[in-house]
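Data from upload.cif: mmCIF, C-alpha atoms
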data_start
#
loop_
_atom_site.group_PDB
_atom_site.id
_atom_site.type_symbol
_atom_site.label_atom_id
_atom_site.label_comp_id
_atom_site.auth_asym_id
_atom_site.auth_seq_id
_atom_site.Cartn_x
_atom_site.Cartn_y
_atom_site.Cartn_z
ATOM 1 C CA MET E 1 76.280 160.511 136.707
ATOM 2 C CA TYR E 2 75.811 156.761 136.661
ATOM 3 C CA VAL E 3 78.801 154.515 137.437
ATOM 4 C CA ILE E 4 78.835 150.716 137.215
ATOM 5 C CA VAL E 5 81.539 148.985 139.240
ATOM 6 C CA VAL E 6 82.277 145.348 138.387
ATOM 7 C CA GLY E 7 83.921 143.269 141.116
ATOM 8 C CA GLY E 8 83.033 143.543 144.805
ATOM 9 C CA GLY E 9 86.406 142.877 146.367
ATOM 10 C CA LYS E 10 88.183 145.468 148.507
ATOM 11 C CA VAL E 11 88.862 147.809 145.601
ATOM 12 C CA GLY E 12 85.287 147.591 144.332
ATOM 13 C CA TYR E 13 83.865 148.071 147.813
ATOM 14 C CA TYR E 14 85.828 151.201 148.711
ATOM 15 C CA LEU E 15 85.400 152.659 145.255
ATOM 16 C CA SER E 16 81.603 152.236 145.415
ATOM 17 C CA LYS E 17 81.468 153.611 148.943
ATOM 18 C CA HIS E 18 83.327 156.791 148.010
ATOM 19 C CA LEU E 19 81.384 157.263 144.796
ATOM 20 C CA LEU E 20 78.134 157.031 146.796
ATOM 21 C CA ASP E 21 79.473 159.526 149.352
ATOM 22 C CA ARG E 22 80.109 161.953 146.529
ATOM 23 C CA GLY E 23 76.537 161.636 145.348
ATOM 24 C CA TYR E 24 76.926 159.455 142.268
ATOM 25 C CA GLU E 25 74.458 156.792 141.247
ATOM 26 C CA VAL E 26 76.278 153.479 141.605
ATOM 27 C CA THR E 27 75.590 149.835 140.777
ATOM 28 C CA LEU E 28 78.082 147.299 142.047
ATOM 29 C CA ILE E 29 78.205 143.931 140.291
ATOM 30 C CA GLU E 30 79.427 140.935 142.252
ATOM 31 C CA LYS E 31 79.149 137.308 141.178
ATOM 32 C CA ASP E 32 79.317 135.665 144.613
ATOM 33 C CA PRO E 33 75.839 135.896 146.220
ATOM 34 C CA ARG E 34 77.195 135.668 149.770
ATOM 35 C CA ARG E 35 79.687 138.446 149.210
ATOM 36 C CA ALA E 36 76.937 140.467 147.539
ATOM 37 C CA GLU E 37 74.753 140.121 150.632
ATOM 38 C CA VAL E 38 77.527 141.513 152.850
ATOM 39 C CA LEU E 39 78.109 144.387 150.424
ATOM 40 C CA ASN E 40 74.405 145.188 150.215
ATOM 41 C CA SER E 41 74.057 145.372 153.990
ATOM 42 C CA THR E 42 76.890 147.910 154.294
ATOM 43 C CA LEU E 43 76.407 149.952 151.127
ATOM 44 C CA GLY E 44 72.632 149.946 150.771
ATOM 45 C CA GLU E 45 70.789 148.140 148.031
ATOM 46 C CA ILE E 46 73.140 148.884 145.154
ATOM 47 C CA VAL E 47 74.540 145.423 144.512
ATOM 48 C CA MET E 48 73.461 143.147 141.674
ATOM 49 C CA VAL E 49 74.473 139.498 141.648
ATOM 50 C CA GLY E 50 75.802 138.313 138.324
ATOM 51 C CA ASP E 51 78.730 137.931 135.962
ATOM 52 C CA GLY E 52 80.239 141.108 134.588
ATOM 53 C CA ASP E 53 80.884 139.378 131.295
ATOM 54 C CA GLU E 54 77.472 137.782 130.688
ATOM 55 C CA MET E 55 75.787 139.849 128.017
ATOM 56 C CA ALA E 56 72.252 138.903 129.074
ATOM 57 C CA PHE E 57 72.928 139.906 132.659
ATOM 58 C CA LEU E 58 74.676 143.155 131.756
ATOM 59 C CA ALA E 59 71.632 144.188 129.749
ATOM 60 C CA THR E 60 69.624 144.161 133.013
ATOM 61 C CA THR E 61 72.013 146.563 134.795
ATOM 62 C CA GLY E 62 71.101 149.597 132.732
ATOM 63 C CA MET E 63 74.583 149.625 131.267
ATOM 64 C CA GLU E 64 73.441 151.455 128.146
ATOM 65 C CA ARG E 65 72.889 154.609 130.231
ATOM 66 C CA ALA E 66 76.097 154.311 132.284
ATOM 67 C CA ASP E 67 78.590 157.160 132.008
ATOM 68 C CA VAL E 68 81.491 155.089 133.308
ATOM 69 C CA VAL E 69 82.120 151.358 133.739
ATOM 70 C CA VAL E 70 84.937 150.382 136.087
ATOM 71 C CA ALA E 71 86.141 146.739 136.100
ATOM 72 C CA VAL E 72 88.145 145.925 139.217
ATOM 73 C CA THR E 73 88.133 142.148 139.646
ATOM 74 C CA GLY E 74 91.369 140.296 140.334
ATOM 75 C CA ASP E 75 91.379 138.746 136.861
ATOM 76 C CA ASP E 76 92.743 140.769 133.959
ATOM 77 C CA GLU E 77 90.904 138.738 131.316
ATOM 78 C CA ASP E 78 87.541 139.387 132.996
ATOM 79 C CA ASN E 79 88.241 143.114 133.351
ATOM 80 C CA LEU E 80 89.231 143.354 129.704
ATOM 81 C CA VAL E 81 86.126 141.598 128.395
ATOM 82 C CA THR E 82 83.813 143.622 130.671
ATOM 83 C CA CYS E 83 85.271 146.889 129.348
ATOM 84 C CA GLN E 84 85.135 145.745 125.736
ATOM 85 C CA LEU E 85 81.502 144.653 126.022
ATOM 86 C CA ALA E 86 80.602 147.919 127.778
ATOM 87 C CA LYS E 87 82.226 149.938 125.037
ATOM 88 C CA ARG E 88 81.223 147.994 121.939
ATOM 89 C CA LYS E 89 77.781 146.674 122.882
ATOM 90 C CA PHE E 90 76.464 149.294 125.295
ATOM 91 C CA ASN E 91 78.262 152.389 123.950
ATOM 92 C CA VAL E 92 79.572 153.372 127.388
ATOM 93 C CA PRO E 93 81.633 156.552 126.901
ATOM 94 C CA LYS E 94 84.359 155.746 129.430
ATOM 95 C CA THR E 95 85.767 152.378 130.550
ATOM 96 C CA VAL E 96 88.297 151.948 133.313
ATOM 97 C CA ALA E 97 90.089 148.705 134.200
ATOM 98 C CA ARG E 98 92.218 147.558 137.060
ATOM 99 C CA VAL E 99 95.192 145.668 135.652
ATOM 100 C CA ASN E 100 96.954 143.072 137.763
ATOM 101 C CA ASN E 101 99.898 142.246 135.505
ATOM 102 C CA PRO E 102 101.627 145.586 134.708
ATOM 103 C CA ALA E 103 102.579 144.281 131.252
ATOM 104 C CA ASN E 104 98.876 144.237 130.392
ATOM 105 C CA VAL E 105 98.497 148.023 130.678
ATOM 106 C CA ARG E 106 99.790 148.489 127.140
ATOM 107 C CA ILE E 107 97.705 145.566 125.863
ATOM 108 C CA PHE E 108 94.492 146.942 127.407
ATOM 109 C CA LYS E 109 95.048 150.332 125.795
ATOM 110 C CA THR E 110 95.734 148.723 122.418
ATOM 111 C CA LEU E 111 92.530 146.712 122.798
ATOM 112 C CA GLY E 112 90.350 149.769 123.399
ATOM 113 C CA VAL E 113 90.108 150.250 127.178
ATOM 114 C CA ASP E 114 90.131 153.997 127.959
ATOM 115 C CA VAL E 115 91.995 153.858 131.260
ATOM 116 C CA ALA E 116 94.073 150.884 132.414
ATOM 117 C CA LEU E 117 95.589 151.185 135.849
ATOM 118 C CA SER E 118 98.038 148.831 137.534
ATOM 119 C CA ALA E 119 98.706 149.385 141.236
ATOM 120 C CA THR E 120 101.922 147.402 140.862
ATOM 121 C CA GLU E 121 103.096 149.721 138.106
ATOM 122 C CA VAL E 122 102.227 152.824 140.121
ATOM 123 C CA LEU E 123 104.198 151.491 143.090
ATOM 124 C CA LEU E 124 107.141 150.519 140.883
ATOM 125 C CA ASP E 125 107.261 154.006 139.390
ATOM 126 C CA LEU E 126 107.101 155.576 142.843
ATOM 127 C CA ILE E 127 109.930 153.424 144.147
ATOM 128 C CA GLU E 128 112.052 154.111 141.096
ATOM 129 C CA SER E 129 111.567 157.860 141.222
ATOM 130 C CA GLU E 130 112.251 157.773 144.969
ATOM 131 C CA LEU E 131 115.521 155.944 144.338
ATOM 132 C CA ALA E 132 116.429 158.305 141.510
ATOM 133 C CA ASN E 133 115.816 161.284 143.831
ATOM 134 C CA LYS E 134 118.039 159.778 146.486
ATOM 135 C CA GLU E 135 120.803 159.142 143.990
ATOM 136 C CA THR E 136 120.628 162.702 142.733
ATOM 137 C CA ALA E 137 120.567 164.000 146.308
ATOM 138 C CA GLY E 138 123.504 161.776 147.238
ATOM 139 C CA ARG E 139 125.476 162.950 144.252
ATOM 140 C CA SER E 140 124.896 166.634 144.898
ATOM 141 C CA ALA E 141 125.814 166.095 148.544
ATOM 142 C CA THR E 142 129.153 164.557 147.497
ATOM 143 C CA GLN E 143 129.749 167.366 145.049
ATOM 144 C CA ALA E 144 129.112 169.959 147.766
ATOM 145 C CA MET X 1 96.562 125.538 103.861
ATOM 146 C CA GLY X 2 99.181 127.410 101.912
ATOM 147 C CA LEU X 3 102.197 126.624 104.015
ATOM 148 C CA GLN X 4 103.650 123.157 104.076
ATOM 149 C CA PHE X 5 104.766 123.221 107.699
ATOM 150 C CA MET X 6 103.533 125.783 110.111
ATOM 151 C CA LYS X 7 104.672 126.969 113.497
ATOM 152 C CA LEU X 8 101.591 126.766 115.724
ATOM 153 C CA VAL X 9 100.896 127.852 119.286
ATOM 154 C CA ILE X 10 98.005 126.329 121.226
ATOM 155 C CA VAL X 11 96.874 127.701 124.591
ATOM 156 C CA GLY X 12 95.078 125.148 126.766
ATOM 157 C CA CYS X 13 95.943 121.484 126.956
ATOM 158 C CA GLY X 14 92.512 120.113 127.775
ATOM 159 C CA ARG X 15 90.818 117.433 125.690
ATOM 160 C CA VAL X 16 90.372 119.599 122.620
ATOM 161 C CA GLY X 17 93.696 121.398 122.897
ATOM 162 C CA ALA X 18 95.616 118.152 123.355
ATOM 163 C CA MET X 19 93.837 116.379 120.483
ATOM 164 C CA ALA X 20 94.424 119.288 118.146
ATOM 165 C CA ALA X 21 98.082 119.466 119.193
ATOM 166 C CA ILE X 22 98.637 115.735 118.621
ATOM 167 C CA ALA X 23 96.944 115.738 115.211
ATOM 168 C CA LEU X 24 98.761 118.854 113.980
ATOM 169 C CA SER X 25 102.102 117.609 115.237
ATOM 170 C CA LYS X 26 101.574 114.256 113.500
ATOM 171 C CA ALA X 27 100.782 116.147 110.315
ATOM 172 C CA GLY X 28 104.278 117.611 110.471
ATOM 173 C CA HIS X 29 103.639 121.037 111.983
ATOM 174 C CA ARG X 30 105.786 122.528 114.721
ATOM 175 C CA VAL X 31 103.406 122.734 117.669
ATOM 176 C CA THR X 32 103.910 124.392 121.050
ATOM 177 C CA VAL X 33 101.274 123.910 123.751
ATOM 178 C CA ILE X 34 100.847 126.250 126.729
ATOM 179 C CA ASP X 35 99.059 125.283 129.936
ATOM 180 C CA SER X 36 99.300 126.511 133.516
ATOM 181 C CA ASN X 37 98.915 122.993 134.899
ATOM 182 C CA ARG X 38 101.838 120.644 134.315
ATOM 183 C CA ARG X 39 99.656 117.556 134.607
ATOM 184 C CA ALA X 40 97.562 118.672 131.650
ATOM 185 C CA PHE X 41 100.521 117.801 129.400
ATOM 186 C CA ASP X 42 99.980 114.106 130.272
ATOM 187 C CA ARG X 43 97.141 114.189 127.731
ATOM 188 C CA LEU X 44 99.692 114.628 124.948
ATOM 189 C CA GLY X 45 101.178 111.175 125.521
ATOM 190 C CA ASP X 46 104.821 110.127 125.434
ATOM 191 C CA ASP X 47 105.401 110.335 121.699
ATOM 192 C CA PHE X 48 104.278 113.969 121.281
ATOM 193 C CA ALA X 49 106.944 115.627 119.139
ATOM 194 C CA GLY X 50 105.984 119.218 119.907
ATOM 195 C CA GLU X 51 106.969 121.496 122.755
ATOM 196 C CA MET X 52 105.287 122.275 126.044
ATOM 197 C CA VAL X 53 105.450 125.575 127.910
ATOM 198 C CA LEU X 54 104.201 125.831 131.473
ATOM 199 C CA GLY X 55 102.518 129.165 132.197
ATOM 200 C CA ASN X 56 99.621 131.539 131.732
ATOM 201 C CA GLY X 57 98.515 131.934 128.114
ATOM 202 C CA ILE X 58 97.603 135.599 128.544
ATOM 203 C CA ASP X 59 101.098 136.484 129.763
ATOM 204 C CA GLU X 60 103.163 138.116 126.995
ATOM 205 C CA ASP X 61 106.407 136.640 128.318
ATOM 206 C CA VAL X 62 104.970 133.130 128.325
ATOM 207 C CA LEU X 63 103.670 133.611 124.786
ATOM 208 C CA ARG X 64 107.091 134.818 123.638
ATOM 209 C CA GLN X 65 108.695 131.804 125.254
ATOM 210 C CA ALA X 66 106.329 129.646 123.214
ATOM 211 C CA GLY X 67 107.593 131.322 120.052
ATOM 212 C CA ILE X 68 104.523 133.400 119.239
ATOM 213 C CA GLU X 69 106.652 136.006 117.480
ATOM 214 C CA SER X 70 107.345 133.591 114.635
ATOM 215 C CA ALA X 71 104.043 131.675 114.761
ATOM 216 C CA ASP X 72 101.918 131.148 111.642
ATOM 217 C CA GLY X 73 98.868 130.065 113.597
ATOM 218 C CA PHE X 74 97.400 130.386 117.090
ATOM 219 C CA ALA X 75 94.468 128.772 118.899
ATOM 220 C CA SER X 76 93.165 129.562 122.397
ATOM 221 C CA LEU X 77 91.272 126.556 123.746
ATOM 222 C CA THR X 78 91.227 126.845 127.543
ATOM 223 C CA ASN X 79 87.978 126.349 129.453
ATOM 224 C CA GLY X 80 87.698 130.095 130.151
ATOM 225 C CA ASP X 81 85.972 132.231 127.522
ATOM 226 C CA ASN X 82 87.580 135.463 128.660
ATOM 227 C CA ARG X 83 91.030 133.941 128.829
ATOM 228 C CA ASN X 84 90.594 132.640 125.290
ATOM 229 C CA ILE X 85 89.314 135.992 124.059
ATOM 230 C CA MET X 86 92.186 137.905 125.643
ATOM 231 C CA ALA X 87 94.848 135.439 124.434
ATOM 232 C CA ALA X 88 93.466 135.570 120.889
ATOM 233 C CA GLN X 89 93.455 139.367 120.869
ATOM 234 C CA ILE X 90 97.047 139.490 122.113
ATOM 235 C CA ALA X 91 98.059 137.049 119.364
ATOM 236 C CA ARG X 92 96.256 139.059 116.708
ATOM 237 C CA GLU X 93 96.794 142.679 117.728
ATOM 238 C CA ILE X 94 100.137 142.595 119.545
ATOM 239 C CA PHE X 95 102.001 139.765 117.812
ATOM 240 C CA LYS X 96 100.206 139.951 114.445
ATOM 241 C CA VAL X 97 99.868 136.181 114.088
ATOM 242 C CA PRO X 98 98.271 135.578 110.661
ATOM 243 C CA ARG X 99 95.765 132.885 111.691
ATOM 244 C CA VAL X 100 94.084 133.108 115.086
ATOM 245 C CA ILE X 101 91.234 130.919 116.315
ATOM 246 C CA THR X 102 89.462 131.118 119.661
ATOM 247 C CA ARG X 103 86.852 128.985 121.371
ATOM 248 C CA ILE X 104 84.006 130.797 123.153
ATOM 249 C CA TYR X 105 81.297 128.783 124.921
ATOM 250 C CA ASP X 106 78.913 131.689 125.533
ATOM 251 C CA PRO X 107 77.012 132.246 122.237
ATOM 252 C CA MET X 108 76.321 135.912 122.994
ATOM 253 C CA ARG X 109 79.943 136.682 123.677
ATOM 254 C CA GLU X 110 80.918 134.673 120.607
ATOM 255 C CA ASP X 111 78.609 136.852 118.562
ATOM 256 C CA VAL X 112 80.249 140.045 119.832
ATOM 257 C CA TYR X 113 83.796 138.931 119.162
ATOM 258 C CA ARG X 114 83.005 137.430 115.774
ATOM 259 C CA GLU X 115 81.616 140.843 114.833
ATOM 260 C CA LEU X 116 84.883 142.358 116.045
ATOM 261 C CA GLY X 117 86.764 140.138 113.639
ATOM 262 C CA LEU X 118 87.983 137.185 115.704
ATOM 263 C CA ASN X 119 87.777 133.712 114.187
ATOM 264 C CA THR X 120 85.532 132.110 116.749
ATOM 265 C CA LEU X 121 84.343 128.604 117.456
ATOM 266 C CA CYS X 122 81.269 128.094 119.646
ATOM 267 C CA PRO X 123 80.784 124.431 120.634
ATOM 268 C CA THR X 124 77.583 125.311 122.506
ATOM 269 C CA LEU X 125 75.927 126.528 119.340
ATOM 270 C CA THR X 126 77.278 123.859 117.000
ATOM 271 C CA GLY X 127 76.459 121.146 119.559
ATOM 272 C CA ALA X 128 72.912 122.372 120.066
ATOM 273 C CA ARG X 129 72.330 122.643 116.315
ATOM 274 C CA GLN X 130 73.646 119.155 115.758
ATOM 275 C CA ILE X 131 71.466 117.687 118.498
ATOM 276 C CA HIS X 132 68.490 119.481 117.025
ATOM 277 C CA ALA X 133 69.223 118.085 113.569
ATOM 278 C CA MET X 134 69.753 114.552 114.892
ATOM 279 C CA LEU X 135 66.518 114.574 116.898
ATOM 280 C CA LYS X 136 64.579 115.795 113.921
ATOM 281 C CA GLY X 137 65.892 112.702 112.159
#
Please go through the file and, once you have read it, give me the structure as structure tokens.
Amino acid sequence: MYVIVVGGGKVGYYLSKHLLDRGYEVTLIEKDPRRAEVLNSTLGEIVMVGDGDEMAFLATTGMERADVVVAVTGDDEDNLVTCQLAKRKFNVPKTVARVNNPANVRIFKTLGVDVALSATEVLLDLIESELANKETAGRSATQA
Amino acid sequence: MGLQFMKLVIVGCGRVGAMAAIALSKAGHRVTVIDSNRRAFDRLGDDFAGEMVLGNGIDEDVLRQAGIESADGFASLTNGDNRNIMAAQIAREIFKVPRVITRIYDPMREDVYRELGLNTLCPTLTGARQIHAMLKG
């Protein structure tokens, strides 16, 4: 299985590292050459320097044979465009995007991204369900 | 255009965004301009009759504040291709704005999104073609 990760920040780094550990073929795309050098020295030569939204560059990454493209930069607009290009121009079967503004989860899905994940939303849901549990527990304790 | 006066939302108050906003407002349309930098609104001048909204043009809440729900037209003209593309798609697919225009500098990306049905404007391509024509004489 071939996975392309776009964005070499902390999320992109750890994701690539664990994917490699599990035996997947991985290419990590990072636009900052200095950051890419650091990533290459720790992960092995899997990093390509370039913009995840430049069509000409993406064509050199072997994207047309990727099984999954994961866009995890800190900018929602870049992640969206990367996933849309992967899907529409390179026929990638599965696209996954990190979403920074939780309100964009719905928008990404409407605009054709297969999986849109917001860490903020996940945390919010956890906190809310935690609070709801406490309230229920508190109530049953009073009733008892 | 069919409508006499339109409600228009413009994202990006750079040179092009500001000029478009001024001209459309002078023509009698109700124009709202969005930019994330307050100083960008200086380009509109003191006698601009439209409205200004400070914020990110790909944020649904900011777009609502700018009146996108009742807009007849929308243009994304920031200096970021992806921001313009995303804003235009939100306007078209989420808010169903009837007329949506977006500027994309990268000709290859412009090609993709024109194919997907966006009304795109690529100054790189039109500029290059014009220069070519002028040099040919």
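The space between atom CA of Ile10 of chain X and atom CA of Gly73 of chain X spans 8.5 Å.
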From the list X:Asn56, X:Asn37, X:Asn119, X:Thr102, the nearest residue to Ala75 of chain X using only C-alpha atoms is X:Thr102
Kindly compute an axis-aligned box around the listed atoms of segment 95-101 of chain X, allowing 8 Å on each side, and express its centre and edge lengths in Å to one decimal as JSON.
{"center_x": 96.6, "center_y": 135.4, "center_z": 114.2, "size_x": 26.8, "size_y": 25.0, "size_z": 23.2}
Where does the PyMOL selection byres ((chain X and resi 114) around 12) land in this file, that is, which residues does it pick, as a PDB file with C-alpha atoms, in the frame of the given file?
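Now in result34.pdb:
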ATOM      1  CA  ILE X  85      89.314 135.992 124.059  1.00  0.00           C
ATOM      2  CA  ALA X  88      93.466 135.570 120.889  1.00  0.00           C
ATOM      3  CA  GLN X  89      93.455 139.367 120.869  1.00  0.00           C
ATOM      4  CA  VAL X 100      94.084 133.108 115.086  1.00  0.00           C
ATOM      5  CA  ILE X 101      91.234 130.919 116.315  1.00  0.00           C
ATOM      6  CA  THR X 102      89.462 131.118 119.661  1.00  0.00           C
ATOM      7  CA  ARG X 103      86.852 128.985 121.371  1.00  0.00           C
ATOM      8  CA  ILE X 104      84.006 130.797 123.153  1.00  0.00           C
ATOM      9  CA  PRO X 107      77.012 132.246 122.237  1.00  0.00           C
ATOM     10  CA  MET X 108      76.321 135.912 122.994  1.00  0.00           C
ATOM     11  CA  ARG X 109      79.943 136.682 123.677  1.00  0.00           C
ATOM     12  CA  GLU X 110      80.918 134.673 120.607  1.00  0.00           C
ATOM     13  CA  ASP X 111      78.609 136.852 118.562  1.00  0.00           C
ATOM     14  CA  VAL X 112      80.249 140.045 119.832  1.00  0.00           C
ATOM     15  CA  TYR X 113      83.796 138.931 119.162  1.00  0.00           C
ATOM     16  CA  GLU X 115      81.616 140.843 114.833  1.00  0.00           C
ATOM     17  CA  LEU X 116      84.883 142.358 116.045  1.00  0.00           C
ATOM     18  CA  GLY X 117      86.764 140.138 113.639  1.00  0.00           C
ATOM     19  CA  LEU X 118      87.983 137.185 115.704  1.00  0.00           C
ATOM     20  CA  ASN X 119      87.777 133.712 114.187  1.00  0.00           C
ATOM     21  CA  THR X 120      85.532 132.110 116.749  1.00  0.00           C
ATOM     22  CA  LEU X 121      84.343 128.604 117.456  1.00  0.00           C
ATOM     23  CA  CYS X 122      81.269 128.094 119.646  1.00  0.00           C
TER      24      CYS X 122
END
Exercise. Go ahead and compute the interatomic distance for atom CA of Gly57 of chain X and atom CA of Pro102 of chain E, in Å to one decimal.
Key: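 Calculated distance between atom CA of Gly57 of chain X and atom CA of Pro102 of chain E is 15.5 Å.
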Query - Two-atom distance - atom CA of Met48 of chain E, atom CA of Cys83 of chain E (Å) - result: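 About the pair atom CA of Met48 of chain E and atom CA of Cys83 of chain E: they are 17.5 Å apart.
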Proximal residues of chain E relative to chain X (all atoms listed in the file; 12 Å) as a PyMOL selection string | chain E and resi 51-59+75-90+100-112
Counting only C-alpha atoms, closest pick from E:Tyr14, E:Gly62, E:Thr73, E:Val6 relative to Val47 of chain E is E:Val6
* Asked: Which one of E:Arg98, E:Val49, E:Asn40, E:Val70 sits closest to Leu19 of chain E if you count all atoms listed in the file?
  ->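 Looking only at the distances to Leu19 of chain E, the closest residue turns out to be E:Val70.
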Which one is closest to Met63 of chain E: E:Leu117, E:Ile29, E:Val99, E:Leu124? Count all atoms listed in the file.
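Comparing E:Leu117, E:Ile29, E:Val99, E:Leu124 against Met63 of chain E, the winner is E:Ile29.
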- Expected selection from the PyMOL selection byres ((chain X and resi 7) around 6), given as a VMD selection string: chain X and resid 6 8 30 71 to 72
Shortest contact to Ala66 of chain E, candidates E:Pro93, E:Thr42, E:Lys134, E:Val115, atoms counted all atoms listed in the file, goes to E:Pro93
Once the PyMOL selection byres ((chain X and resi 66) around 8) is applied to the coordinates I shared, what remains selected? I want it as a list of chain:residue names. X:Val9, X:Thr32, X:Val33, X:Ile34, X:Met52, X:Val53, X:Val62, X:Leu63, X:Arg64, X:Gln65, X:Gly67, X:Ile68
